[in-house]
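Novice: Let me give you the structure first, and then I'll get to my questions.
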Amino acid sequence: MKNFNPADNIQDLQYFGEFGGVNPSISDSSTYTFLSAKTMFDTFEGNMEGCYLYSRHSSPSNLYLDKALAAMEGTESANVSASGMGAITPTLLQLCGAGDHIVSSRTIYGGTYAFLKNFTPRLGIKTTFVDITKLAVVEAAITAETKVLYCETVSNPLLEVADIEGLSKIAKRHNLTLVVDNTFSPLSVSPARLGADIVIHSLTKYINGSSDTVGGVTCASREFIDSLKNVNSGASMLLGPTMDSLRSASVMKNLRTLHIRMKQHSHNALYLAQRFENDGIKTVYPGLESHPSHEIYKTMINPEYGFGGMMTLDVGTLAKANELMELMQAKNLGYLAVSLGFYKTLFSAPGTSTSSEIPLDEQIEMGLTDGLIRFSIGLDNDIERTYQMMKACMMELNI
């Protein structure tokens, strides 16, 4: 990540509100007027820059956020959407049609897995799920029909790390589009700089950071983003997963503090992971030397923002996991809840929640055990105090 700091790109963006406000004015319109019929025609044809047609297509508020997120990821353009899945599904449908094939990581967000496993076959699109950490296995799964290579930088929920540079070389050899979901590692990793063609985020998570908004974004070349928004053939335009302008403005404000939050999330998660591993708890965190991809992840990240705020602990059984989560919630250590990136710690048993769409036999095959708890570590000020309280909960339950 030499000579590229995504937080600097965000900091250098300045937008002025309509009346000189330090926050850009929120566009609260669904449709926009034209001073001439020709301008409307040209806008429909995609030939007019700076003109707004209809808020399902674009709005000033959404374009402010588009530009900020494109700057953060180092891509030419971006398109925000009403949810993370509202970014993932149009992106893949824009790239693939009947008869096409996708090679995907086996450990991905449950909603993405369900879309590829259960929904896209209805459209004639097939997916092969592979261990993304084994590049030879990835390449062996590619066929003449393959169009897309899909992965998450850090996978949900097993925290497997994708070698984006290695995958990019494979994608280029076979003329594939490499799509990377970077939700778990904003600022820490910049996939486009490592060779990804398209970078996706669920804005719901770290980028917004306050668990009050659902959103997504696709960051890519201007050509691809324009194709997504094309009024005649664009998957985002025609499927309509449009982000509301008020929500865009809210995410934009929270984006300004992302660099501060990611440093604290990463600091706290590393601290807890090291302590619990030393205590003999089965701990997975990319910042631990015991993580199988630790060394390669070190070469991928911007060290300033650390290894991220996600970690897992395996406490043996689902019953123990549920007991522990309920007790930690009762002790105000966090919330028994899905999602991530909140200021408080969130914890869930992914096998029965965020990854429940994955069949049980496939969960076992990929190593998703009953006793696994996924933690999104919060912004706690005194992380030693948090550790002692969590450890006390474990001791009370004989874990």
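A note on labels: chains of the structure tokens are A, B, ... as shown, every chain counts residues from 1, and ligands are counted from 1 in their shown order.
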Give me, as a PyMOL selection string, all polymer residues having an atom no more than 9 Å from A:Ser105, counting only C-alpha atoms and skipping those fewer than 4 positions away in the same chain.
Specialist: chain A and resi 128-133+138+149-152+155+162
Novice: Near A:Tyr54, counting only C-alpha atoms, which residues have an atom at most 8 Å away, once you skip same-chain residues fewer than 4 positions from it, shown as a PyMOL selection string?
Specialist: chain A and resi 30-32+58-59
Novice: Which is closer to A:Val214 than all the others in A:Leu372, A:Val251, A:Met328, A:Leu135, using only C-alpha atoms?
Specialist: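 Using only C-alpha atoms, A:Val214 sits closest to A:Val251.
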Novice: So that I can see what lies close to A:Ile142, please list as a list of chain:residue names the residues with an atom at most 9 Å from it, counting only C-alpha atoms and leaving out residues fewer than 3 positions away in the same chain.
Specialist: A:His101, A:Ile102, A:Val103, A:Thr128, A:Val138, A:Glu139, A:Glu145, A:Thr146, A:Lys147, A:Leu149, A:His174
Novice: Let me see the file: selected residues, all heavy atoms, as a JSON list (two decimals), in the first residue's frame.
Specialist:
[["chain", "number", "residue", "atom", "x", "y", "z"],
["A", 101, "HIS", "N", -20.63, -19.04, -15.67],
["A", 101, "HIS", "CA", -20.16, -19.77, -14.50],
["A", 101, "HIS", "C", -19.34, -18.83, -13.61],
["A", 101, "HIS", "O", -18.62, -17.96, -14.10],
["A", 101, "HIS", "CB", -19.29, -20.95, -14.96],
["A", 101, "HIS", "CG", -18.67, -21.74, -13.86],
["A", 101, "HIS", "ND1", -17.29, -21.79, -13.66],
["A", 101, "HIS", "CD2", -19.22, -22.52, -12.90],
["A", 101, "HIS", "CE1", -17.03, -22.59, -12.63],
["A", 101, "HIS", "NE2", -18.18, -23.04, -12.15],
["A", 102, "ILE", "N", -19.50, -19.01, -12.31],
["A", 102, "ILE", "CA", -18.77, -18.23, -11.30],
["A", 102, "ILE", "C", -17.95, -19.19, -10.44],
["A", 102, "ILE", "O", -18.44, -20.25, -10.05],
["A", 102, "ILE", "CB", -19.75, -17.43, -10.41],
["A", 102, "ILE", "CG1", -20.52, -16.40, -11.24],
["A", 102, "ILE", "CG2", -19.01, -16.74, -9.26],
["A", 102, "ILE", "CD1", -21.67, -15.74, -10.49],
["A", 103, "VAL", "N", -16.71, -18.82, -10.14],
["A", 103, "VAL", "CA", -15.92, -19.53, -9.13],
["A", 103, "VAL", "C", -15.89, -18.63, -7.90],
["A", 103, "VAL", "O", -15.44, -17.48, -7.97],
["A", 103, "VAL", "CB", -14.49, -19.83, -9.62],
["A", 103, "VAL", "CG1", -13.66, -20.44, -8.49],
["A", 103, "VAL", "CG2", -14.52, -20.75, -10.82],
["A", 128, "THR", "N", -19.26, -22.67, -8.70],
["A", 128, "THR", "CA", -18.44, -23.68, -8.03],
["A", 128, "THR", "C", -17.79, -23.01, -6.82],
["A", 128, "THR", "O", -17.14, -21.97, -6.95],
["A", 128, "THR", "CB", -17.34, -24.23, -8.97],
["A", 128, "THR", "OG1", -17.95, -24.82, -10.11],
["A", 128, "THR", "CG2", -16.48, -25.26, -8.25],
["A", 138, "VAL", "N", -8.43, -23.10, -7.00],
["A", 138, "VAL", "CA", -9.21, -22.04, -7.64],
["A", 138, "VAL", "C", -9.07, -22.14, -9.16],
["A", 138, "VAL", "O", -10.06, -22.16, -9.90],
["A", 138, "VAL", "CB", -8.75, -20.65, -7.16],
["A", 138, "VAL", "CG1", -9.44, -19.55, -7.98],
["A", 138, "VAL", "CG2", -9.05, -20.47, -5.67],
["A", 139, "GLU", "N", -7.84, -22.24, -9.62],
["A", 139, "GLU", "CA", -7.60, -22.27, -11.07],
["A", 139, "GLU", "C", -8.18, -23.53, -11.70],
["A", 139, "GLU", "O", -8.70, -23.49, -12.82],
["A", 139, "GLU", "CB", -6.10, -22.15, -11.36],
["A", 139, "GLU", "CG", -5.80, -21.91, -12.83],
["A", 139, "GLU", "CD", -4.50, -21.17, -13.05],
["A", 139, "GLU", "OE1", -3.61, -21.23, -12.17],
["A", 139, "GLU", "OE2", -4.36, -20.54, -14.11],
["A", 145, "GLU", "N", -16.72, -21.49, -19.49],
["A", 145, "GLU", "CA", -17.90, -20.64, -19.25],
["A", 145, "GLU", "C", -17.69, -19.67, -18.09],
["A", 145, "GLU", "O", -18.58, -18.85, -17.81],
["A", 145, "GLU", "CB", -19.13, -21.52, -18.96],
["A", 145, "GLU", "CG", -19.67, -22.28, -20.15],
["A", 145, "GLU", "CD", -18.77, -23.45, -20.56],
["A", 145, "GLU", "OE1", -18.25, -24.12, -19.64],
["A", 145, "GLU", "OE2", -18.57, -23.64, -21.77],
["A", 146, "THR", "N", -16.59, -19.77, -17.37],
["A", 146, "THR", "CA", -16.37, -18.94, -16.18],
["A", 146, "THR", "C", -16.19, -17.48, -16.59],
["A", 146, "THR", "O", -15.42, -17.16, -17.49],
["A", 146, "THR", "CB", -15.14, -19.41, -15.39],
["A", 146, "THR", "OG1", -15.26, -20.81, -15.12],
["A", 146, "THR", "CG2", -15.03, -18.66, -14.08],
["A", 147, "LYS", "N", -16.91, -16.61, -15.88],
["A", 147, "LYS", "CA", -16.83, -15.18, -16.13],
["A", 147, "LYS", "C", -16.31, -14.39, -14.93],
["A", 147, "LYS", "O", -15.72, -13.33, -15.09],
["A", 147, "LYS", "CB", -18.21, -14.62, -16.51],
["A", 147, "LYS", "CG", -18.75, -15.11, -17.85],
["A", 147, "LYS", "CD", -17.94, -14.57, -19.01],
["A", 147, "LYS", "CE", -18.61, -14.87, -20.35],
["A", 147, "LYS", "NZ", -18.64, -16.31, -20.64],
["A", 149, "LEU", "N", -14.58, -14.40, -10.82],
["A", 149, "LEU", "CA", -13.92, -14.97, -9.65],
["A", 149, "LEU", "C", -14.34, -14.10, -8.47],
["A", 149, "LEU", "O", -14.12, -12.88, -8.49],
["A", 149, "LEU", "CB", -12.41, -14.95, -9.85],
["A", 149, "LEU", "CG", -11.51, -15.66, -8.85],
["A", 149, "LEU", "CD1", -11.96, -17.09, -8.61],
["A", 149, "LEU", "CD2", -10.08, -15.63, -9.35],
["A", 174, "HIS", "N", -7.11, -15.88, -17.32],
["A", 174, "HIS", "CA", -8.31, -16.51, -17.89],
["A", 174, "HIS", "C", -9.36, -15.48, -18.32],
["A", 174, "HIS", "O", -10.50, -15.86, -18.61],
["A", 174, "HIS", "CB", -8.90, -17.48, -16.87],
["A", 174, "HIS", "CG", -8.00, -18.65, -16.55],
["A", 174, "HIS", "ND1", -8.00, -19.80, -17.29],
["A", 174, "HIS", "CD2", -7.05, -18.80, -15.59],
["A", 174, "HIS", "CE1", -7.10, -20.64, -16.79],
["A", 174, "HIS", "NE2", -6.51, -20.05, -15.75]]
Novice: Excluding stretch 215-219 of chain A and residues on its chain fewer than 4 positions from it, collect all residues at most 9 Å away from it, counting only C-alpha atoms, and give them as an MDAnalysis selection string.
Specialist: chainID A and resid 66 69:70 73:88 91 192 197:205 208 225 243 247:248 251
Novice: The selected residues should be written to file as a tab-separated table (two decimals), in the first residue's frame (atoms: N, CA, C and O atoms).
Specialist:
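To be explicit, this is the file written out as part16.tsv:
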chain	number	residue	atom	x	y	z
A	66	ASP	N	-20.83	8.33	-3.60
A	66	ASP	CA	-20.14	7.56	-4.64
A	66	ASP	C	-18.69	8.01	-4.79
A	66	ASP	O	-17.75	7.20	-4.80
A	69	LEU	N	-16.41	7.13	-1.77
A	69	LEU	CA	-16.06	5.71	-1.65
A	69	LEU	C	-15.15	5.27	-2.79
A	69	LEU	O	-14.27	4.41	-2.59
A	70	ALA	N	-15.33	5.83	-3.97
A	70	ALA	CA	-14.39	5.55	-5.06
A	70	ALA	C	-13.00	6.05	-4.70
A	70	ALA	O	-12.00	5.37	-4.95
A	73	GLU	N	-11.39	3.63	-2.20
A	73	GLU	CA	-10.92	2.36	-2.77
A	73	GLU	C	-9.95	2.55	-3.94
A	73	GLU	O	-9.39	1.58	-4.43
A	74	GLY	N	-9.79	3.80	-4.40
A	74	GLY	CA	-8.87	4.03	-5.50
A	74	GLY	C	-9.39	3.55	-6.83
A	74	GLY	O	-8.62	3.12	-7.70
A	75	THR	N	-10.72	3.61	-7.02
A	75	THR	CA	-11.33	3.24	-8.30
A	75	THR	C	-11.84	4.49	-9.01
A	75	THR	O	-11.96	5.56	-8.42
A	76	GLU	N	-12.17	4.36	-10.28
A	76	GLU	CA	-12.63	5.51	-11.05
A	76	GLU	C	-14.01	5.98	-10.62
A	76	GLU	O	-14.30	7.18	-10.67
A	77	SER	N	-14.84	5.06	-10.19
A	77	SER	CA	-16.23	5.42	-9.91
A	77	SER	C	-16.81	4.45	-8.89
A	77	SER	O	-16.17	3.48	-8.48
A	78	ALA	N	-18.05	4.72	-8.48
A	78	ALA	CA	-18.74	3.87	-7.52
A	78	ALA	C	-20.24	4.09	-7.64
A	78	ALA	O	-20.69	5.10	-8.19
A	79	ASN	N	-21.00	3.15	-7.11
A	79	ASN	CA	-22.46	3.26	-7.11
A	79	ASN	C	-22.99	2.72	-5.79
A	79	ASN	O	-22.82	1.54	-5.50
A	80	VAL	N	-23.62	3.58	-4.99
A	80	VAL	CA	-24.17	3.14	-3.71
A	80	VAL	C	-25.53	2.50	-3.92
A	80	VAL	O	-26.22	2.76	-4.92
A	81	SER	N	-25.91	1.67	-2.96
A	81	SER	CA	-27.17	0.94	-3.06
A	81	SER	C	-27.83	0.85	-1.69
A	81	SER	O	-27.23	1.22	-0.68
A	82	ALA	N	-29.04	0.32	-1.67
A	82	ALA	CA	-29.84	0.32	-0.45
A	82	ALA	C	-29.40	-0.74	0.56
A	82	ALA	O	-29.86	-0.72	1.70
A	83	SER	N	-28.54	-1.66	0.16
A	83	SER	CA	-28.02	-2.68	1.08
A	83	SER	C	-26.78	-3.29	0.48
A	83	SER	O	-26.47	-3.09	-0.71
A	84	GLY	N	-26.06	-4.08	1.28
A	84	GLY	CA	-24.90	-4.78	0.75
A	84	GLY	C	-25.30	-5.76	-0.34
A	84	GLY	O	-24.66	-5.85	-1.39
A	85	MET	N	-26.38	-6.51	-0.10
A	85	MET	CA	-26.88	-7.43	-1.13
A	85	MET	C	-27.37	-6.67	-2.35
A	85	MET	O	-27.33	-7.19	-3.47
A	86	GLY	N	-27.81	-5.42	-2.14
A	86	GLY	CA	-28.23	-4.58	-3.25
A	86	GLY	C	-27.06	-4.11	-4.10
A	86	GLY	O	-27.26	-3.55	-5.18
A	87	ALA	N	-25.84	-4.31	-3.59
A	87	ALA	CA	-24.63	-4.06	-4.39
A	87	ALA	C	-24.14	-5.35	-5.03
A	87	ALA	O	-23.76	-5.39	-6.20
A	88	ILE	N	-24.15	-6.44	-4.25
A	88	ILE	CA	-23.60	-7.71	-4.72
A	88	ILE	C	-24.43	-8.29	-5.87
A	88	ILE	O	-23.89	-8.67	-6.91
A	91	THR	N	-24.32	-6.43	-9.30
A	91	THR	CA	-22.97	-6.54	-9.86
A	91	THR	C	-22.77	-7.88	-10.55
A	91	THR	O	-22.30	-7.95	-11.69
A	192	ALA	N	-8.44	-2.98	-4.96
A	192	ALA	CA	-8.19	-2.50	-6.33
A	192	ALA	C	-6.70	-2.27	-6.57
A	192	ALA	O	-6.21	-2.44	-7.69
A	197	ASP	N	-10.82	-6.14	-9.81
A	197	ASP	CA	-11.52	-5.32	-10.80
A	197	ASP	C	-12.69	-4.55	-10.18
A	197	ASP	O	-12.97	-3.42	-10.58
A	198	ILE	N	-13.36	-5.19	-9.24
A	198	ILE	CA	-14.54	-4.59	-8.61
A	198	ILE	C	-14.45	-4.83	-7.11
A	198	ILE	O	-14.11	-5.93	-6.66
A	199	VAL	N	-14.73	-3.80	-6.32
A	199	VAL	CA	-14.70	-3.90	-4.86
A	199	VAL	C	-16.08	-3.54	-4.32
A	199	VAL	O	-16.66	-2.52	-4.70
A	200	ILE	N	-16.58	-4.40	-3.45
A	200	ILE	CA	-17.91	-4.22	-2.88
A	200	ILE	C	-17.81	-4.06	-1.37
A	200	ILE	O	-16.94	-4.64	-0.73
A	201	HIS	N	-18.69	-3.25	-0.82
A	201	HIS	CA	-18.83	-3.13	0.64
A	201	HIS	C	-20.30	-3.19	1.03
A	201	HIS	O	-21.15	-2.66	0.30
A	202	SER	N	-20.56	-3.78	2.16
A	202	SER	CA	-21.81	-3.51	2.86
A	202	SER	C	-21.53	-2.28	3.73
A	202	SER	O	-20.77	-2.35	4.70
A	203	LEU	N	-22.13	-1.15	3.37
A	203	LEU	CA	-21.94	0.08	4.14
A	203	LEU	C	-22.57	-0.01	5.52
A	203	LEU	O	-22.25	0.78	6.41
A	204	THR	N	-23.46	-0.98	5.68
A	204	THR	CA	-24.14	-1.22	6.95
A	204	THR	C	-23.14	-1.42	8.08
A	204	THR	O	-23.42	-1.07	9.23
A	205	LYS	N	-21.98	-1.96	7.76
A	205	LYS	CA	-21.04	-2.44	8.76
A	205	LYS	C	-20.08	-1.33	9.19
A	205	LYS	O	-20.49	-0.31	9.70
A	208	ASN	N	-20.37	2.73	7.87
A	208	ASN	CA	-21.35	3.56	8.59
A	208	ASN	C	-21.08	3.51	10.09
A	208	ASN	O	-20.99	4.54	10.74
A	225	ILE	N	-19.49	0.98	-13.87
A	225	ILE	CA	-20.53	1.67	-13.10
A	225	ILE	C	-21.58	2.26	-14.03
A	225	ILE	O	-22.79	2.19	-13.77
A	243	MET	N	-30.28	3.69	-2.86
A	243	MET	CA	-30.10	4.23	-1.52
A	243	MET	C	-30.85	5.55	-1.39
A	243	MET	O	-30.81	6.38	-2.30
A	247	ARG	N	-30.13	8.65	3.87
A	247	ARG	CA	-29.19	7.63	4.34
A	247	ARG	C	-27.79	7.88	3.78
A	247	ARG	O	-26.79	7.68	4.47
A	248	SER	N	-27.71	8.30	2.54
A	248	SER	CA	-26.40	8.64	1.96
A	248	SER	C	-25.70	9.71	2.78
A	248	SER	O	-24.51	9.62	3.07
A	251	VAL	N	-24.38	8.22	6.06
A	251	VAL	CA	-23.16	7.42	5.87
A	251	VAL	C	-21.96	8.33	5.60
A	251	VAL	O	-20.86	8.11	6.10
Novice: Pick the closest to A:Asp279 from A:Leu313, A:Ala330, A:Ala141, A:Val179: which is it, counting only C-alpha atoms?
Specialist: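 Counting only C-alpha atoms, the residue closest to A:Asp279 is A:Leu313.
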Novice: Compare A:Glu323, A:Pro292, A:Met262, A:Ala273 by their minimum atom-to-atom distance to A:Gly306, counting only C-alpha atoms, and give me the closest one.
Specialist: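 Ranking A:Glu323, A:Pro292, A:Met262, A:Ala273 by distance to A:Gly306, first place goes to A:Met262.
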Novice: Report as an MDAnalysis selection string: the residues of stretch 145-248 of chain A with a DSSP assignment of strand (DSSP E or B), based on the backbone of this structure.
Specialist: chainID A and resid 146:152 154 161 177:181 198:202 216:220
Novice: For the residues in the current selection, export N, CA and C atoms as an mmCIF file, in the first residue's frame.
Specialist:
data_model
loop_
_atom_site.group_PDB
_atom_site.id
_atom_site.type_symbol
_atom_site.label_atom_id
_atom_site.label_comp_id
_atom_site.auth_asym_id
_atom_site.auth_seq_id
_atom_site.Cartn_x
_atom_site.Cartn_y
_atom_site.Cartn_z
ATOM 1 N N THR A 146 -16.588 -19.772 -17.371
ATOM 2 C CA THR A 146 -16.373 -18.939 -16.185
ATOM 3 C C THR A 146 -16.193 -17.481 -16.585
ATOM 4 N N LYS A 147 -16.915 -16.610 -15.880
ATOM 5 C CA LYS A 147 -16.830 -15.177 -16.133
ATOM 6 C C LYS A 147 -16.307 -14.389 -14.934
ATOM 7 N N VAL A 148 -16.551 -14.915 -13.723
ATOM 8 C CA VAL A 148 -16.279 -14.149 -12.508
ATOM 9 C C VAL A 148 -15.553 -15.013 -11.482
ATOM 10 N N LEU A 149 -14.580 -14.402 -10.820
ATOM 11 C CA LEU A 149 -13.924 -14.971 -9.648
ATOM 12 C C LEU A 149 -14.339 -14.098 -8.472
ATOM 13 N N TYR A 150 -14.993 -14.703 -7.453
ATOM 14 C CA TYR A 150 -15.602 -13.929 -6.364
ATOM 15 C C TYR A 150 -15.042 -14.376 -5.016
ATOM 16 N N CYS A 151 -14.709 -13.398 -4.182
ATOM 17 C CA CYS A 151 -14.215 -13.729 -2.841
ATOM 18 C C CYS A 151 -14.451 -12.557 -1.900
ATOM 19 N N GLU A 152 -14.184 -12.797 -0.630
ATOM 20 C CA GLU A 152 -14.146 -11.751 0.384
ATOM 21 C C GLU A 152 -12.703 -11.609 0.847
ATOM 22 N N VAL A 154 -11.448 -10.862 3.749
ATOM 23 C CA VAL A 154 -11.439 -11.707 4.943
ATOM 24 C C VAL A 154 -12.823 -12.330 5.011
ATOM 25 N N VAL A 161 -8.290 -15.641 4.611
ATOM 26 C CA VAL A 161 -7.777 -14.481 3.878
ATOM 27 C C VAL A 161 -7.546 -14.843 2.418
ATOM 28 N N THR A 177 -13.342 -11.523 -14.405
ATOM 29 C CA THR A 177 -13.496 -10.330 -13.567
ATOM 30 C C THR A 177 -13.368 -10.748 -12.106
ATOM 31 N N LEU A 178 -12.411 -10.166 -11.401
ATOM 32 C CA LEU A 178 -12.215 -10.469 -9.978
ATOM 33 C C LEU A 178 -13.032 -9.483 -9.148
ATOM 34 N N VAL A 179 -14.026 -10.025 -8.438
ATOM 35 C CA VAL A 179 -14.903 -9.230 -7.581
ATOM 36 C C VAL A 179 -14.563 -9.554 -6.128
ATOM 37 N N VAL A 180 -14.259 -8.528 -5.337
ATOM 38 C CA VAL A 180 -13.844 -8.723 -3.945
ATOM 39 C C VAL A 180 -14.769 -7.943 -3.013
ATOM 40 N N ASP A 181 -15.367 -8.650 -2.069
ATOM 41 C CA ASP A 181 -16.151 -8.018 -1.008
ATOM 42 C C ASP A 181 -15.172 -7.641 0.110
ATOM 43 N N ILE A 198 -13.365 -5.186 -9.244
ATOM 44 C CA ILE A 198 -14.544 -4.591 -8.609
ATOM 45 C C ILE A 198 -14.451 -4.828 -7.106
ATOM 46 N N VAL A 199 -14.731 -3.801 -6.320
ATOM 47 C CA VAL A 199 -14.699 -3.895 -4.861
ATOM 48 C C VAL A 199 -16.084 -3.539 -4.323
ATOM 49 N N ILE A 200 -16.580 -4.397 -3.449
ATOM 50 C CA ILE A 200 -17.914 -4.217 -2.883
ATOM 51 C C ILE A 200 -17.811 -4.057 -1.373
ATOM 52 N N HIS A 201 -18.690 -3.250 -0.821
ATOM 53 C CA HIS A 201 -18.829 -3.135 0.637
ATOM 54 C C HIS A 201 -20.304 -3.187 1.026
ATOM 55 N N SER A 202 -20.563 -3.781 2.164
ATOM 56 C CA SER A 202 -21.808 -3.505 2.865
ATOM 57 C C SER A 202 -21.533 -2.282 3.731
ATOM 58 N N GLY A 216 -25.024 -0.325 0.679
ATOM 59 C CA GLY A 216 -23.951 -1.038 0.011
ATOM 60 C C GLY A 216 -23.315 -0.158 -1.046
ATOM 61 N N VAL A 217 -22.201 -0.628 -1.609
ATOM 62 C CA VAL A 217 -21.544 0.117 -2.688
ATOM 63 C C VAL A 217 -20.760 -0.840 -3.572
ATOM 64 N N THR A 218 -20.749 -0.525 -4.856
ATOM 65 C CA THR A 218 -19.892 -1.188 -5.834
ATOM 66 C C THR A 218 -18.890 -0.163 -6.335
ATOM 67 N N CYS A 219 -17.599 -0.438 -6.178
ATOM 68 C CA CYS A 219 -16.528 0.462 -6.636
ATOM 69 C C CYS A 219 -15.818 -0.211 -7.810
ATOM 70 N N ALA A 220 -15.718 0.506 -8.931
ATOM 71 C CA ALA A 220 -15.165 -0.117 -10.130
ATOM 72 C C ALA A 220 -14.779 0.946 -11.146
#
Novice: Just give me the gap between atom CA of A:Gly280 and atom CA of A:Gly316 in Å, one decimal is fine.
Specialist: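 Between these atoms lies a distance of 12.4 Å.
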Novice: Excluding stretch 380-384 of chain A and any residue of its chain fewer than 4 positions from it, enumerate the residues within 10 Å of it, using only C-alpha atoms, and give them as a list of chain:residue names.
Specialist: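 Counting only the stated atoms, we get A:Gln264, A:His265, A:His267, A:Asn268, A:Ala269, A:Tyr271, A:Leu272, A:Arg275, A:Leu333, A:Tyr343, A:Lys344, A:Thr345, A:Gln388, A:Met389, A:Met390.
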Novice: Would you mind reading off the distance between atom CA of A:Lys253 and atom CA of A:Asn23, one decimal, in Å?
Specialist: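 Atom-to-atom, atom CA of A:Lys253 and atom CA of A:Asn23 are spaced 8.0 Å apart.
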Novice: Please report, as a PyMOL selection string, each residue of stretch 3-153 of chain A to which DSSP assigns helix (DSSP H, G or I) when run on this structure's backbone.
Specialist: chain A and resi 6-11+37-44+60-73+85-95+110-123+135-140
Novice: Could you tell me how far atom CA of A:Met252 sits from atom CA of A:Leu336, in Å to one decimal place?
Specialist: 27.4 Å
Novice: List the spatial neighbours of A:Ala337 as a PyMOL selection string - criterion: any atom at most 9 Å away, only C-alpha atoms, same-chain residues fewer than 5 positions off excluded.
Specialist: chain A and resi 346-348
Novice: Show me, as a compact mmCIF listing (two decimals) with N, CA, C and O atoms, in the first residue's frame, the residues that have an atom within 12 Å of A:Ser250 when counting only C-alpha atoms, minus same-chain residues fewer than 4 positions from it.
Specialist:
# COMPACT_ATOMS: atom_id res chain seq x y z
N ASN A 23 -21.44 20.60 5.51
CA ASN A 23 -21.97 19.33 5.02
C ASN A 23 -22.75 19.60 3.74
O ASN A 23 -23.48 20.59 3.65
N PRO A 24 -22.59 18.74 2.72
CA PRO A 24 -23.33 18.96 1.48
C PRO A 24 -24.84 18.91 1.72
O PRO A 24 -25.31 18.13 2.55
N SER A 25 -25.57 19.73 1.01
CA SER A 25 -27.02 19.74 1.15
C SER A 25 -27.60 18.40 0.70
O SER A 25 -27.10 17.76 -0.22
N ILE A 26 -28.66 17.99 1.38
CA ILE A 26 -29.32 16.73 1.06
C ILE A 26 -30.37 16.98 -0.02
O ILE A 26 -31.22 17.86 0.11
N SER A 61 -27.00 13.59 -3.54
CA SER A 61 -26.51 13.02 -2.28
C SER A 61 -25.79 11.70 -2.51
O SER A 61 -24.74 11.43 -1.91
N ASN A 62 -26.37 10.85 -3.37
CA ASN A 62 -25.73 9.57 -3.64
C ASN A 62 -24.41 9.75 -4.38
O ASN A 62 -23.44 9.02 -4.14
N TYR A 64 -22.32 12.27 -4.12
CA TYR A 64 -21.30 12.70 -3.17
C TYR A 64 -20.66 11.47 -2.51
O TYR A 64 -19.43 11.35 -2.41
N LEU A 65 -21.51 10.55 -2.06
CA LEU A 65 -21.01 9.35 -1.39
C LEU A 65 -20.29 8.43 -2.38
O LEU A 65 -19.27 7.83 -2.04
N LEU A 203 -22.13 -1.15 3.37
CA LEU A 203 -21.94 0.08 4.14
C LEU A 203 -22.57 -0.01 5.52
O LEU A 203 -22.25 0.78 6.41
N THR A 204 -23.46 -0.98 5.68
CA THR A 204 -24.14 -1.22 6.95
C THR A 204 -23.14 -1.42 8.08
O THR A 204 -23.42 -1.07 9.23
N ILE A 207 -18.19 0.95 7.65
CA ILE A 207 -18.14 2.26 7.02
C ILE A 207 -19.16 3.20 7.64
O ILE A 207 -18.85 4.35 7.96
N ASN A 208 -20.37 2.73 7.87
CA ASN A 208 -21.35 3.56 8.59
C ASN A 208 -21.08 3.51 10.09
O ASN A 208 -20.99 4.54 10.74
N GLY A 209 -20.98 2.31 10.64
CA GLY A 209 -20.46 2.14 11.99
C GLY A 209 -21.40 2.39 13.14
O GLY A 209 -20.98 2.28 14.29
N SER A 210 -22.66 2.72 12.88
CA SER A 210 -23.55 3.01 14.01
C SER A 210 -24.82 2.16 14.00
O SER A 210 -25.75 2.42 14.75
N SER A 211 -24.85 1.12 13.18
CA SER A 211 -25.95 0.15 13.14
C SER A 211 -27.33 0.82 13.04
O SER A 211 -28.29 0.36 13.65
N ASP A 212 -27.39 1.93 12.28
CA ASP A 212 -28.68 2.59 12.11
C ASP A 212 -29.06 2.74 10.63
O ASP A 212 -30.07 3.35 10.30
N THR A 213 -28.23 2.19 9.74
CA THR A 213 -28.45 2.36 8.31
C THR A 213 -28.01 1.10 7.58
O THR A 213 -26.99 0.51 7.92
N VAL A 214 -28.80 0.71 6.59
CA VAL A 214 -28.43 -0.39 5.70
C VAL A 214 -28.01 0.20 4.36
O VAL A 214 -28.69 1.09 3.84
N GLY A 215 -26.88 -0.26 3.82
CA GLY A 215 -26.43 0.28 2.54
C GLY A 215 -25.32 -0.57 1.95
O GLY A 215 -24.75 -1.44 2.62
N MET A 243 -30.28 3.69 -2.86
CA MET A 243 -30.10 4.23 -1.52
C MET A 243 -30.85 5.55 -1.39
O MET A 243 -30.81 6.38 -2.30
N ASP A 244 -31.48 5.73 -0.26
CA ASP A 244 -32.19 6.97 0.03
C ASP A 244 -31.20 8.10 0.31
O ASP A 244 -30.16 7.89 0.94
N SER A 245 -31.52 9.31 -0.15
CA SER A 245 -30.60 10.44 -0.01
C SER A 245 -30.28 10.75 1.45
O SER A 245 -29.15 11.11 1.79
N LEU A 246 -31.26 10.63 2.33
CA LEU A 246 -31.01 10.90 3.75
C LEU A 246 -30.01 9.91 4.32
O LEU A 246 -29.16 10.26 5.15
N ASN A 254 -20.50 9.66 8.77
CA ASN A 254 -19.80 8.65 9.55
C ASN A 254 -18.50 8.21 8.88
O ASN A 254 -17.55 7.79 9.56
N LEU A 255 -18.45 8.28 7.55
CA LEU A 255 -17.23 7.91 6.83
C LEU A 255 -16.04 8.74 7.29
O LEU A 255 -14.90 8.27 7.29
N ARG A 256 -16.29 9.97 7.73
CA ARG A 256 -15.20 10.87 8.13
C ARG A 256 -14.44 10.37 9.36
O ARG A 256 -13.30 10.79 9.59
